[in-house]
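Trainee: See protein_34.cif below, with mmCIF, C-alpha atoms.
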data_start
loop_
_atom_site.label_atom_id
_atom_site.label_comp_id
_atom_site.auth_asym_id
_atom_site.auth_seq_id
_atom_site.Cartn_x
_atom_site.Cartn_y
_atom_site.Cartn_z
CA MET M 1 -69.67 45.39 10.03
CA ALA M 2 -70.54 45.47 13.67
CA HIS M 3 -71.27 41.80 14.04
CA ASP M 4 -67.92 40.59 12.75
CA ILE M 5 -65.71 43.02 14.66
CA ALA M 6 -65.63 40.66 17.58
CA HIS M 7 -63.92 37.87 15.67
CA HIS M 8 -61.58 39.80 13.43
CA GLU M 9 -58.34 37.96 13.05
CA SER M 10 -55.06 39.68 12.43
CA ASN M 11 -54.02 39.80 8.78
CA THR M 12 -50.48 40.98 9.49
CA GLY M 13 -48.84 37.98 7.88
CA LYS M 14 -50.78 38.43 4.67
CA ILE M 15 -50.04 42.17 4.61
CA TRP M 16 -46.28 41.61 4.79
CA LYS M 17 -46.51 38.95 2.13
CA VAL M 18 -48.27 41.38 -0.21
CA PHE M 19 -45.70 44.05 0.59
CA PHE M 20 -42.98 41.58 -0.35
CA ILE M 21 -44.69 40.79 -3.67
CA LEU M 22 -45.20 44.48 -4.49
CA SER M 23 -41.55 45.21 -3.67
CA VAL M 24 -40.27 42.37 -5.85
CA ILE M 25 -42.43 43.52 -8.78
CA THR M 26 -41.18 47.08 -8.38
CA ILE M 27 -37.56 45.96 -8.20
CA VAL M 28 -38.00 43.86 -11.34
CA GLU M 29 -39.53 46.88 -13.10
CA VAL M 30 -36.66 49.14 -12.06
CA ILE M 31 -34.01 46.61 -13.10
CA LEU M 32 -35.68 46.09 -16.48
CA GLY M 33 -35.99 49.86 -16.85
CA ILE M 34 -32.29 50.37 -16.19
CA ILE M 35 -30.76 47.57 -18.25
CA LYS M 36 -33.44 47.53 -20.99
CA PRO M 37 -32.63 44.09 -22.42
CA ALA M 38 -32.06 44.42 -26.17
CA PHE M 39 -34.31 41.54 -27.23
CA LEU M 40 -37.25 42.98 -25.27
CA VAL M 41 -36.77 46.42 -26.81
CA GLU M 42 -36.37 45.10 -30.34
CA THR M 43 -39.35 42.76 -30.29
CA THR M 44 -42.60 44.50 -31.08
CA LEU M 45 -46.02 43.15 -30.21
CA ILE M 46 -49.18 44.92 -31.42
CA SER M 47 -47.29 48.12 -32.28
CA MET M 48 -45.59 48.36 -28.88
CA LYS M 49 -42.23 47.17 -27.55
CA LEU M 50 -42.42 43.90 -25.64
CA LEU M 51 -40.68 45.61 -22.71
CA ASN M 52 -43.50 48.15 -22.45
CA TRP M 53 -46.07 45.33 -22.45
CA ILE M 54 -44.19 43.71 -19.58
CA PHE M 55 -44.21 46.99 -17.64
CA ILE M 56 -47.94 47.43 -18.16
CA ILE M 57 -48.77 43.86 -17.16
CA LEU M 58 -46.61 44.12 -14.03
CA THR M 59 -48.36 47.39 -13.18
CA ILE M 60 -51.81 45.87 -13.50
CA TRP M 61 -50.62 42.99 -11.35
CA LYS M 62 -49.53 45.47 -8.66
CA ALA M 63 -52.84 47.31 -8.98
CA TYR M 64 -54.65 44.02 -8.43
CA TYR M 65 -52.73 43.35 -5.22
CA ILE M 66 -53.25 46.87 -3.90
CA THR M 67 -56.99 46.76 -4.59
CA TRP M 68 -57.65 43.23 -3.46
CA ALA M 69 -55.34 42.94 -0.46
CA PHE M 70 -54.85 46.49 0.80
CA MET M 71 -58.25 47.92 -0.02
CA HIS M 72 -59.93 44.64 0.99
CA MET M 73 -61.83 44.35 -2.27
CA ASP M 74 -61.69 40.56 -1.82
CA GLY M 75 -63.94 40.92 1.23
CA GLU M 76 -66.62 43.02 -0.43
CA THR M 77 -69.77 41.62 -1.98
CA LYS M 78 -69.79 40.63 -5.62
CA GLY M 79 -72.14 43.50 -6.40
CA LEU M 80 -69.90 46.23 -5.02
CA ARG M 81 -66.78 44.68 -6.49
CA ARG M 82 -68.22 44.45 -9.97
CA SER M 83 -69.86 47.85 -9.95
CA VAL M 84 -66.51 49.45 -9.13
CA VAL M 85 -64.01 47.27 -10.99
CA TRP M 86 -65.91 46.43 -14.15
CA THR M 87 -67.07 50.00 -14.65
CA ALA M 88 -63.53 51.30 -14.34
CA ILE M 89 -62.00 48.63 -16.57
CA PHE M 90 -64.61 48.99 -19.30
CA LEU M 91 -64.47 52.80 -19.45
CA ILE M 92 -60.68 52.97 -19.22
CA CYS M 93 -60.16 50.39 -21.96
CA TYR M 94 -62.59 52.25 -24.19
CA LEU M 95 -60.95 55.63 -23.54
CA ILE M 96 -57.46 54.30 -24.13
CA PHE M 97 -58.52 52.58 -27.33
CA ILE M 98 -60.09 55.67 -28.91
CA LEU M 99 -57.41 58.12 -27.75
CA LEU M 100 -54.45 56.02 -28.79
CA THR M 101 -56.01 55.24 -32.16
CA GLU M 102 -56.61 58.94 -32.68
CA GLY M 103 -53.10 59.83 -31.54
CA ASP M 104 -51.60 57.41 -34.01
CA TYR M 105 -53.77 58.87 -36.77
CA VAL M 106 -52.62 62.41 -35.96
CA TYR M 107 -49.03 61.17 -36.06
CA GLU M 108 -49.58 59.81 -39.57
CA VAL M 109 -51.15 63.10 -40.65
CA PHE M 110 -48.16 65.04 -39.31
CA LYS M 111 -45.74 62.71 -41.03
CA ALA M 112 -47.45 62.37 -44.39
CA GLY M 113 -48.90 65.87 -44.66
CA TYR M 114 -47.53 68.67 -46.81
CA LYS M 115 -46.56 70.83 -43.89
CA SER M 116 -43.12 70.85 -42.31
CA TRP M 117 -43.04 70.91 -38.51
CA ASP M 118 -39.30 70.86 -38.06
CA PHE M 119 -37.71 74.16 -39.08
CA MET R 1 -71.45 50.08 12.74
CA GLU R 2 -74.60 51.13 14.61
CA THR R 3 -72.72 53.80 16.46
CA ALA R 4 -70.89 55.09 13.41
CA VAL R 5 -73.82 55.46 11.09
CA THR R 6 -77.08 57.28 11.58
CA LYS R 7 -80.06 54.97 11.65
CA THR R 8 -82.91 55.68 9.34
CA GLY R 9 -85.47 53.52 11.01
CA THR R 10 -85.94 51.47 7.86
CA GLU R 11 -83.72 48.54 8.84
CA ASP R 12 -86.44 45.94 8.87
CA LYS R 13 -88.42 47.21 5.91
CA ILE R 14 -87.11 45.35 2.89
CA TRP R 15 -89.21 47.39 0.45
CA GLY R 16 -88.81 50.59 2.42
CA GLY R 17 -85.07 51.15 2.11
CA GLY R 18 -84.00 48.60 4.69
CA ASN R 19 -82.42 46.24 2.20
CA GLN R 20 -78.63 46.51 1.90
CA PRO R 21 -77.56 44.43 -1.09
CA LEU R 22 -73.93 45.64 -1.02
CA LYS R 23 -73.57 45.04 2.72
CA VAL R 24 -71.39 48.08 3.38
CA SER R 25 -72.03 51.24 5.28
CA TYR R 26 -73.03 54.34 3.38
CA GLY R 27 -69.69 56.06 4.02
CA LYS R 28 -67.59 53.20 2.76
CA MET R 29 -69.70 52.68 -0.33
CA MET R 30 -69.51 56.37 -1.19
CA MET R 31 -65.74 56.28 -0.68
CA TRP R 32 -65.58 53.45 -3.20
CA PHE R 33 -67.63 55.35 -5.75
CA PHE R 34 -65.63 58.51 -5.15
CA ILE R 35 -62.50 56.47 -5.80
CA LEU R 36 -64.06 55.09 -8.97
CA SER R 37 -64.79 58.57 -10.29
CA ASP R 38 -61.34 59.80 -9.29
CA ALA R 39 -59.78 56.80 -11.01
CA LEU R 40 -61.61 57.77 -14.18
CA THR R 41 -60.30 61.33 -13.87
CA PHE R 42 -56.74 60.08 -13.61
CA SER R 43 -57.29 57.66 -16.49
CA GLY R 44 -58.49 60.61 -18.53
CA PHE R 45 -55.22 62.42 -17.83
CA LEU R 46 -53.05 59.39 -18.49
CA ALA R 47 -54.94 58.49 -21.65
CA ALA R 48 -54.52 62.08 -22.86
CA TYR R 49 -50.81 61.72 -22.13
CA GLY R 50 -50.86 58.55 -24.22
CA PHE R 51 -52.63 60.42 -27.02
CA SER R 52 -49.97 63.13 -27.11
CA ARG R 53 -47.23 60.61 -26.90
CA PHE R 54 -48.58 58.61 -29.82
CA LYS R 55 -48.96 61.86 -31.71
CA PHE R 56 -45.25 62.62 -31.21
CA ILE R 57 -44.14 59.00 -31.04
CA ASP R 58 -40.90 59.69 -32.93
CA SER R 59 -39.82 62.72 -30.92
CA TRP R 60 -40.99 62.24 -27.32
CA PRO R 61 -38.37 63.01 -24.61
CA ILE R 62 -36.60 60.00 -23.06
CA ALA R 63 -37.56 59.85 -19.38
CA ASP R 64 -34.21 58.37 -18.32
CA GLU R 65 -32.44 61.48 -19.58
CA VAL R 66 -34.88 63.84 -17.93
CA PHE R 67 -35.21 62.35 -14.46
CA ASN R 68 -31.69 61.29 -13.59
CA HIS R 69 -30.98 63.11 -10.35
CA PHE R 70 -30.38 61.66 -6.94
CA PRO R 71 -29.90 63.65 -3.73
CA PHE R 72 -26.23 64.31 -2.87
CA LEU R 73 -25.08 62.71 -6.11
CA HIS R 74 -24.69 65.84 -8.13
CA GLY R 75 -23.72 65.31 -11.75
CA VAL R 76 -24.06 61.54 -11.49
CA ASP R 77 -26.37 60.03 -14.08
CA ALA R 78 -28.80 58.03 -11.93
CA PRO R 79 -31.99 57.39 -13.86
CA MET R 80 -34.89 55.67 -12.10
CA TYR R 81 -33.30 55.29 -8.68
CA TYR R 82 -34.91 58.30 -7.08
CA VAL R 83 -38.37 57.60 -8.41
CA ALA R 84 -38.01 53.95 -7.40
CA LEU R 85 -37.22 55.13 -3.90
CA MET R 86 -40.30 57.37 -3.92
CA THR R 87 -42.40 54.42 -5.07
CA PHE R 88 -41.10 52.35 -2.18
CA ILE R 89 -41.85 55.08 0.33
CA LEU R 90 -45.43 55.29 -0.93
CA ILE R 91 -45.93 51.52 -1.01
CA PHE R 92 -44.53 51.30 2.49
CA SER R 93 -46.83 54.00 3.77
CA SER R 94 -49.66 51.99 2.22
CA VAL R 95 -48.49 48.99 4.22
CA THR R 96 -48.46 50.91 7.49
CA MET R 97 -51.94 52.22 6.62
CA VAL R 98 -53.32 48.73 6.10
CA LEU R 99 -51.66 47.67 9.36
CA ALA R 100 -53.45 50.56 11.06
CA VAL R 101 -56.75 49.39 9.59
CA ASP R 102 -55.97 45.87 10.76
CA ALA R 103 -55.17 47.10 14.26
CA GLY R 104 -58.40 49.10 14.20
CA HIS R 105 -60.38 45.96 13.49
CA GLN R 106 -58.94 44.53 16.69
CA MET R 107 -59.63 47.77 18.59
CA LYS R 108 -55.97 48.32 19.43
CA GLN R 109 -55.78 52.09 19.78
CA LYS R 110 -52.03 52.30 20.48
CA LYS R 111 -51.11 50.31 17.41
CA VAL R 112 -53.43 52.38 15.22
CA ILE R 113 -51.70 55.53 16.49
CA ILE R 114 -48.21 54.21 15.71
CA TYR R 115 -49.07 52.93 12.24
CA MET R 116 -50.99 56.05 11.26
CA PHE R 117 -48.07 58.16 12.43
CA TRP R 118 -45.69 56.33 10.08
CA THR R 119 -48.22 56.59 7.27
CA ILE R 120 -48.33 60.38 7.65
CA ILE R 121 -44.52 60.58 7.77
CA GLY R 122 -44.29 58.48 4.59
CA GLY R 123 -46.79 60.73 2.86
CA LEU R 124 -44.87 63.86 3.82
CA ILE R 125 -41.57 62.41 2.59
CA PHE R 126 -43.23 61.53 -0.68
CA VAL R 127 -44.64 65.03 -1.21
CA GLY R 128 -41.24 66.49 -0.37
CA SER R 129 -39.54 64.19 -2.88
CA GLN R 130 -42.06 65.22 -5.48
CA ALA R 131 -41.21 68.87 -4.83
CA TRP R 132 -37.52 68.11 -5.26
CA GLU R 133 -38.22 66.35 -8.52
CA TRP R 134 -40.17 69.36 -9.74
CA LYS R 135 -37.36 71.69 -8.73
CA ASN R 136 -34.82 69.74 -10.81
CA PHE R 137 -37.19 69.58 -13.73
CA ILE R 138 -37.98 73.31 -13.66
CA LYS R 139 -34.36 74.31 -13.22
CA GLY R 140 -33.10 72.10 -16.03
CA GLU R 141 -29.57 70.92 -16.39
CA TYR R 142 -27.85 71.56 -19.72
CA GLY R 143 -30.08 74.07 -21.45
CA ALA R 144 -31.02 73.96 -25.12
CA VAL R 145 -31.82 76.06 -28.15
CA GLU R 146 -35.33 76.47 -29.53
CA THR R 147 -36.04 76.82 -33.25
CA LYS R 148 -38.63 78.84 -35.12
CA ALA R 149 -40.97 75.86 -35.14
CA GLY R 150 -40.51 75.32 -31.42
CA GLN R 151 -38.25 72.30 -31.87
CA ILE R 152 -35.53 71.74 -29.30
CA LEU R 153 -31.85 71.46 -30.27
CA GLN R 154 -29.50 70.11 -27.62
CA PHE R 155 -25.70 70.00 -27.62
CA VAL R 156 -23.57 66.88 -27.37
CA ASP R 157 -19.86 66.14 -27.74
CA THR R 158 -18.51 63.67 -30.27
CA GLU R 159 -19.11 60.78 -27.87
CA GLY R 160 -22.76 61.68 -27.43
CA HIS R 161 -22.46 63.15 -23.91
CA ARG R 162 -24.52 66.23 -23.24
CA VAL R 163 -22.80 69.62 -23.20
CA GLY R 164 -24.24 72.50 -21.21
CA LEU R 165 -24.77 75.99 -22.59
CA GLU R 166 -22.22 77.45 -20.18
CA GLU R 167 -19.48 75.37 -21.82
CA ILE R 168 -20.35 76.64 -25.28
CA ALA R 169 -21.30 80.28 -24.80
CA ASP R 170 -18.79 82.86 -25.92
CA PRO R 171 -19.52 85.89 -23.72
CA GLN R 172 -20.01 89.10 -25.65
CA GLU R 173 -20.13 92.76 -24.77
CA ASP R 174 -23.22 94.81 -25.38
CA VAL R 175 -25.86 92.17 -24.75
CA ARG R 176 -29.26 93.33 -23.62
CA ARG R 177 -29.51 93.34 -19.84
CA GLN R 178 -32.55 92.59 -17.74
CA HIS R 179 -34.62 95.74 -17.48
CA LEU R 180 -34.97 96.67 -13.84
CA GLU R 181 -37.29 99.16 -12.26
CA LYS R 182 -34.44 101.18 -10.76
CA ASN R 183 -32.89 101.80 -14.20
CA GLY R 184 -35.87 103.08 -16.10
CA ILE R 185 -38.21 106.01 -16.08
CA TRP R 186 -40.58 103.90 -18.16
CA TYR R 187 -40.72 100.42 -16.65
CA GLU R 188 -42.73 97.39 -17.51
CA ALA R 189 -41.98 94.06 -15.87
CA GLU R 190 -40.56 91.43 -18.23
CA ASP R 191 -39.70 87.76 -18.05
CA ASP R 192 -36.24 86.83 -16.82
CA LEU R 193 -33.73 86.92 -19.64
CA PRO R 194 -31.86 83.68 -20.28
CA THR R 195 -28.28 83.48 -19.04
CA TYR R 196 -26.90 83.62 -22.57
CA THR R 197 -28.12 85.11 -25.80
CA ILE R 198 -28.50 83.11 -28.95
CA ASP R 199 -25.64 85.07 -30.53
CA GLU R 200 -23.29 84.09 -27.73
CA ILE R 201 -24.19 80.46 -28.31
CA ARG R 202 -23.76 80.80 -32.08
CA ALA R 203 -20.35 82.44 -31.68
CA GLY R 204 -19.20 79.87 -29.14
CA PHE R 205 -20.53 76.94 -31.14
CA ALA R 206 -18.67 78.08 -34.28
CA LYS R 207 -15.39 77.78 -32.36
CA ARG R 208 -16.06 74.39 -30.82
CA ASN R 209 -15.41 71.74 -33.45
CA ASP R 210 -16.07 68.92 -30.99
CA VAL R 211 -19.68 69.89 -30.28
CA LEU R 212 -22.64 68.69 -32.32
CA ILE R 213 -26.37 69.25 -32.25
CA ARG R 214 -28.91 66.65 -31.21
CA THR R 215 -32.49 66.99 -32.42
CA GLN R 216 -35.73 65.76 -30.88
CA THR R 217 -36.23 63.10 -33.53
CA LEU R 218 -35.72 59.53 -32.38
CA THR R 219 -33.75 57.03 -34.45
CA GLU R 220 -34.74 53.42 -35.09
CA GLU R 221 -32.85 52.44 -31.91
CA GLY R 222 -34.87 54.90 -29.86
CA GLU R 223 -32.06 57.37 -29.43
CA LYS R 224 -32.01 61.04 -30.34
CA THR R 225 -30.63 61.93 -33.79
CA ILE R 226 -27.21 63.59 -33.77
CA LEU R 227 -26.49 65.89 -36.72
CA SER R 228 -23.16 66.22 -38.51
CA ARG R 229 -21.02 69.27 -37.84
CA GLU R 230 -22.08 71.04 -41.07
CA GLU R 231 -25.75 70.37 -40.50
CA SER R 232 -25.40 71.47 -36.89
CA LEU R 233 -23.89 74.80 -37.92
CA LYS R 234 -26.58 75.29 -40.53
CA ARG R 235 -29.45 74.58 -38.17
CA LEU R 236 -28.08 76.82 -35.45
CA GLN R 237 -27.55 79.62 -37.94
CA ASN R 238 -30.85 79.40 -39.80
CA ASP R 239 -33.44 78.01 -37.43
CA ALA R 240 -32.48 78.76 -33.84
CA VAL R 241 -34.28 81.70 -32.28
CA GLY R 242 -33.72 81.48 -28.56
CA ILE R 243 -32.37 79.79 -25.46
CA VAL R 244 -34.38 77.51 -23.20
CA GLU R 245 -33.18 76.74 -19.70
CA GLY R 246 -35.28 74.31 -17.71
CA ALA R 247 -38.95 73.77 -18.26
CA ASN R 248 -42.22 75.56 -17.76
CA LEU R 249 -45.63 75.30 -19.39
CA VAL R 250 -44.50 77.08 -22.57
CA HIS R 251 -40.88 76.08 -23.13
CA ASN R 252 -39.14 72.86 -22.24
CA GLU R 253 -35.45 72.17 -22.72
CA TYR R 254 -36.05 68.40 -22.72
CA GLY R 255 -38.30 68.38 -25.78
CA THR R 256 -41.92 69.08 -26.58
CA PRO R 257 -43.63 71.41 -24.07
CA LEU R 258 -46.49 68.90 -23.91
CA PHE R 259 -44.21 66.59 -21.95
CA ALA R 260 -43.71 69.28 -19.31
CA ASN R 261 -47.40 70.16 -19.30
CA PHE R 262 -48.45 66.59 -18.64
CA PHE R 263 -45.70 66.10 -16.09
CA PHE R 264 -46.78 69.16 -14.12
CA PHE R 265 -50.44 68.38 -14.46
CA ILE R 266 -50.48 64.67 -13.66
CA THR R 267 -47.81 64.53 -10.97
CA GLY R 268 -49.19 67.80 -9.61
CA PHE R 269 -52.70 66.42 -9.40
CA HIS R 270 -51.36 63.27 -7.79
CA GLY R 271 -49.20 65.29 -5.41
CA PHE R 272 -52.30 67.26 -4.46
CA HIS R 273 -54.05 63.97 -3.68
CA VAL R 274 -51.13 62.89 -1.50
CA PHE R 275 -51.19 66.25 0.24
CA SER R 276 -54.93 66.13 0.91
CA GLY R 277 -54.53 62.49 1.96
CA VAL R 278 -51.94 63.54 4.53
CA ILE R 279 -54.30 66.25 5.84
CA ILE R 280 -57.21 63.80 6.13
CA ASN R 281 -54.90 61.26 7.77
CA ILE R 282 -53.80 63.87 10.31
CA ILE R 283 -57.43 64.67 11.17
CA ILE R 284 -58.24 61.00 11.69
CA PHE R 285 -54.95 60.53 13.55
CA ILE R 286 -55.98 63.25 16.04
CA ASN R 287 -59.38 61.58 16.40
CA VAL R 288 -57.71 58.26 17.13
CA ILE R 289 -55.54 59.88 19.81
CA LEU R 290 -58.59 61.57 21.31
CA GLY R 291 -60.25 58.17 21.49
CA THR R 292 -63.22 59.08 19.29
CA TYR R 293 -63.29 55.64 17.71
CA GLU R 294 -62.80 53.89 21.03
CA ARG R 295 -66.02 55.53 22.17
CA ARG R 296 -67.71 54.59 18.90
CA LYS R 297 -66.35 51.09 19.37
CA ASN R 298 -65.58 51.15 15.71
CA TYR R 299 -62.59 52.14 13.60
CA GLU R 300 -64.35 52.26 10.26
CA MET R 301 -63.25 55.86 9.75
CA VAL R 302 -59.63 54.67 9.64
CA GLU R 303 -60.68 52.13 7.05
CA LYS R 304 -62.29 54.82 4.90
CA VAL R 305 -59.28 57.14 4.88
CA GLY R 306 -57.22 54.00 4.35
CA LEU R 307 -59.14 53.34 1.14
CA TYR R 308 -58.33 56.83 -0.07
CA TRP R 309 -54.68 56.45 0.88
CA HIS R 310 -54.35 53.14 -0.98
CA PHE R 311 -55.98 54.72 -3.97
CA VAL R 312 -53.28 57.41 -4.00
CA ASP R 313 -50.69 54.62 -4.01
CA LEU R 314 -52.59 52.83 -6.77
CA VAL R 315 -52.53 55.90 -8.97
CA TRP R 316 -48.82 56.39 -8.36
CA VAL R 317 -48.13 52.86 -9.58
CA PHE R 318 -49.60 53.86 -12.94
CA VAL R 319 -47.99 57.29 -13.07
CA PHE R 320 -44.64 55.63 -12.32
CA THR R 321 -45.10 53.19 -15.19
CA PHE R 322 -46.28 55.64 -17.80
CA PHE R 323 -44.01 58.56 -16.97
CA TYR R 324 -40.80 56.83 -16.04
CA LEU R 325 -40.76 53.29 -17.39
CA VAL R 326 -42.62 53.05 -20.68
#
Starting from the file, give its structure as structure tokens.
Mentor:
Amino acid sequence: MAHDIAHHESNTGKIWKVFFILSVITIVEVILGIIKPAFLVETTLISMKLLNWIFIILTIWKAYYITWAFMHMDGETKGLRRSVVWTAIFLICYLIFILLTEGDYVYEVFKAGYKSWDF
Amino acid sequence: METAVTKTGTEDKIWGGGNQPLKVSYGKMMMWFFILSDALTFSGFLAAYGFSRFKFIDSWPIADEVFNHFPFLHGVDAPMYYVALMTFILIFSSVTMVLAVDAGHQMKQKKVIIYMFWTIIGGLIFVGSQAWEWKNFIKGEYGAVETKAGQILQFVDTEGHRVGLEEIADPQEDVRRQHLEKNGIWYEAEDDLPTYTIDEIRAGFAKRNDVLIRTQTLTEEGEKTILSREESLKRLQNDAVGIVEGANLVHNEYGTPLFANFFFFITGFHGFHVFSGVIINIIIFINVILGTYERRKNYEMVEKVGLYWHFVDLVWVFVFTFFYLV
């Protein structure tokens, strides 16, 4: 906005801090992806490996930092923030829920059906 | 702001369009809603990927075995490293972009130029890396055999290491050669023939007692099932119909063709976003050099392309997770 250009402070310190956080999260993801700790792979939570849950949570954490710090979502009004973020989160959760449920159902049909797929 | 946005003459009329509840300029708000719709498009793709993956949950290719190349390390099994490097390049170009936006807020033209330059370089390196990744994927590494049902059979030695077709094939005389225009009176173009025929593989496999077949099916431990020698011979004899080398939209030596389809489609669509982002960045970069925003006394344009650029990074974070990690 025009009126606050005059007193814009530099955010460089914060930017480097966020870069550091994003890098650390990515490194942790890569290390986990390479060594794949046995107990995280063997434990299952809500029909998914614990390791995969960790990856997804770390990813959402990164997405939060990118949106809030890099895209300056923290500086926008509540109205804009909610109309963008809540819409996306609601629709994406809904889509993922129906598609994954359906995918799992099709898997069961393939497995339990009378047709052979592997010949 | 006043210089960057056309005035409508309604600024003071609260009930006549002068009210701005979101307190952002038109351009920035539309960029946000464009990003929202684009995010939903990408979620549609990724959710469809999830659907197909759940559908083939017990036979999906293992990403670590597919993407394990690193430049100059030929033949070394290096899963994840290259894509991690790409992720870093993209995150870093996001950082330089946000530094450019920050410099723009303080009206520092020189700094904006430098940071935008590095952002563009980072974007170009990323697109190039993506192309290299595609090349490796399309070319394939070991090759495989496809069955009547379209299942993929791969070859491994007794220790479970992959064996390439060239090590198995027993070259034979009299195989059908690629039909070329210069050799025929009647000529119709055909697809490239695979390097080996299925008979050459069958003959070679029969002689190699140390080679087994690995199917697409995953075991309890999440590894591919390895058949016994008898079963391997039987499957190759009865079911195999052809050779697959590399991957395209119809055949895929790594497993189900759907994996290749989604890989090409999602990373391709993302790569296209990076490419168009680089183009838009270059346009704005030229404008910054020309001093357009100095004259406007406002660098909001850099902020808007910055939003798009961060969005590209944001999408990559998810693509990285769902294609390479999970």
Trainee: Using only C-alpha atoms and a cut-off of 8 Å, which residues of chain M sit close to chain R? Please list them as a ChimeraX atom specification.
Mentor: /M:1-2,5-6,8-12,15-16,19,22-23,26,29-30,33-34,51-52,55-56,59,62-63,66-67,70-71,76-80,84,88,91-92,95-96,99-100,102-107,117-119
Trainee: Take atom CA of M:Ser83 and atom CA of R:Lys28 and report the distance between them in Å, one decimal.
Mentor: 14.0 Å
Trainee: Do a neighbour search on stretch 192-199 of chain R at 9 Å with all atoms listed in the file, toss out local chain neighbours closer than 3 positions, and write the hits as number ranges by chain.
Mentor: R: 145, 165-166, 169-172, 175-178, 202-204, 240-245
Trainee: Determine the axis-aligned bounding box of all atoms of stretch 94-99 of chain M present in the file, pad each side by 5 Å, and express its centre and edge lengths in Å to one decimal place as AutoDock Vina command-line options.
Mentor:
--center_x -60.0 --center_y 55.2 --center_z -26.2 --size_x 15.2 --size_y 15.9 --size_z 15.4
Trainee: Go through the shown structure with the PyMOL selection byres ((chain R and resi 249) around 8) and write out the matching residues as a VMD selection string.
Mentor: chain R and resid 247 to 248 250 to 252 257 to 258 260 to 261
Trainee: Rounded to one decimal place, report the atom CA of R:Glu200-atom CA of R:Leu236 distance in Å.
Mentor: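 We find that atom CA of R:Glu200 and atom CA of R:Leu236 lie 11.6 Å from each other.
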Trainee: Figure out the distance between atom CA of R:Trp134 and atom CA of R:Phe265, please, to one decimal in Å.
Mentor: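 Separation between atom CA of R:Phe265 and atom CA of R:Trp134: 11.3 Å.
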Trainee: Ranking R:Phe155, R:Tyr254, R:Phe262, R:Tyr187 by minimum distance to R:Leu227 and counting all atoms listed in the file, which one comes first?
Mentor: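 Of R:Phe155, R:Tyr254, R:Phe262, R:Tyr187, the one nearest R:Leu227, counting all atoms listed in the file, is R:Phe155.
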Trainee: To test your reading of the syntax: which residues would the PyMOL selection byres ((chain R and resi 280) around 12) return for the file shown? Reply as a PyMOL selection string.
Mentor: chain R and resi 116+119-120+123+273-279+281-287+301-302+304-309
Trainee: Can you write just those residues out, C-alpha atoms, as a CSV table (one decimal), in the frame of the given file?
Mentor:
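New file part.csv:
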chain,number,residue,atom,x,y,z
R,116,MET,CA,-51.0,56.0,11.3
R,119,THR,CA,-48.2,56.6,7.3
R,120,ILE,CA,-48.3,60.4,7.6
R,123,GLY,CA,-46.8,60.7,2.9
R,273,HIS,CA,-54.0,64.0,-3.7
R,274,VAL,CA,-51.1,62.9,-1.5
R,275,PHE,CA,-51.2,66.2,0.2
R,276,SER,CA,-54.9,66.1,0.9
R,277,GLY,CA,-54.5,62.5,2.0
R,278,VAL,CA,-51.9,63.5,4.5
R,279,ILE,CA,-54.3,66.2,5.8
R,281,ASN,CA,-54.9,61.3,7.8
R,282,ILE,CA,-53.8,63.9,10.3
R,283,ILE,CA,-57.4,64.7,11.2
R,284,ILE,CA,-58.2,61.0,11.7
R,285,PHE,CA,-55.0,60.5,13.6
R,286,ILE,CA,-56.0,63.2,16.0
R,287,ASN,CA,-59.4,61.6,16.4
R,301,MET,CA,-63.2,55.9,9.8
R,302,VAL,CA,-59.6,54.7,9.6
R,304,LYS,CA,-62.3,54.8,4.9
R,305,VAL,CA,-59.3,57.1,4.9
R,306,GLY,CA,-57.2,54.0,4.4
R,307,LEU,CA,-59.1,53.3,1.1
R,308,TYR,CA,-58.3,56.8,-0.1
R,309,TRP,CA,-54.7,56.4,0.9
Trainee: I want to know what sits within 12 Å of R:His161, based on only C-alpha atoms, with residues of the same chain fewer than 5 positions away left out; could you give that as a ChimeraX atom specification?
Mentor: /R:65,77,142,154-156,210-214,224,226
Trainee: Here is a test: counting all atoms listed in the file, which residue of M:Trp61, M:Lys36, M:Ser47, M:Trp53 is nearest to M:Val24?
Mentor: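 Using all atoms listed in the file, the shortest distance to M:Val24 belongs to M:Trp61.
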Trainee: Would you mind completing stretch 87-91 of chain M to N, CA, C and O atoms and writing the output as a PDB file, in the frame of the given file?
Mentor:
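That gives us part06.pdb:
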ATOM      1  N   THR M  87     -66.820  48.671 -14.086  1.00  0.00           N
ATOM      2  CA  THR M  87     -67.070  50.000 -14.650  1.00  0.00           C
ATOM      3  C   THR M  87     -65.754  50.657 -15.039  1.00  0.00           C
ATOM      4  O   THR M  87     -65.590  51.155 -16.158  1.00  0.00           O
ATOM      5  N   ALA M  88     -64.816  50.650 -14.089  1.00  0.00           N
ATOM      6  CA  ALA M  88     -63.530  51.300 -14.340  1.00  0.00           C
ATOM      7  C   ALA M  88     -62.830  50.635 -15.529  1.00  0.00           C
ATOM      8  O   ALA M  88     -62.405  51.319 -16.470  1.00  0.00           O
ATOM      9  N   ILE M  89     -62.749  49.316 -15.518  1.00  0.00           N
ATOM     10  CA  ILE M  89     -62.000  48.630 -16.570  1.00  0.00           C
ATOM     11  C   ILE M  89     -62.635  48.876 -17.936  1.00  0.00           C
ATOM     12  O   ILE M  89     -61.954  49.209 -18.902  1.00  0.00           O
ATOM     13  N   PHE M  90     -63.948  48.783 -18.001  1.00  0.00           N
ATOM     14  CA  PHE M  90     -64.610  48.990 -19.300  1.00  0.00           C
ATOM     15  C   PHE M  90     -64.344  50.405 -19.829  1.00  0.00           C
ATOM     16  O   PHE M  90     -63.894  50.596 -20.958  1.00  0.00           O
ATOM     17  N   LEU M  91     -64.602  51.420 -18.977  1.00  0.00           N
ATOM     18  CA  LEU M  91     -64.470  52.800 -19.450  1.00  0.00           C
ATOM     19  C   LEU M  91     -63.017  53.147 -19.786  1.00  0.00           C
ATOM     20  O   LEU M  91     -62.737  53.830 -20.770  1.00  0.00           O
TER      21      LEU M  91
END
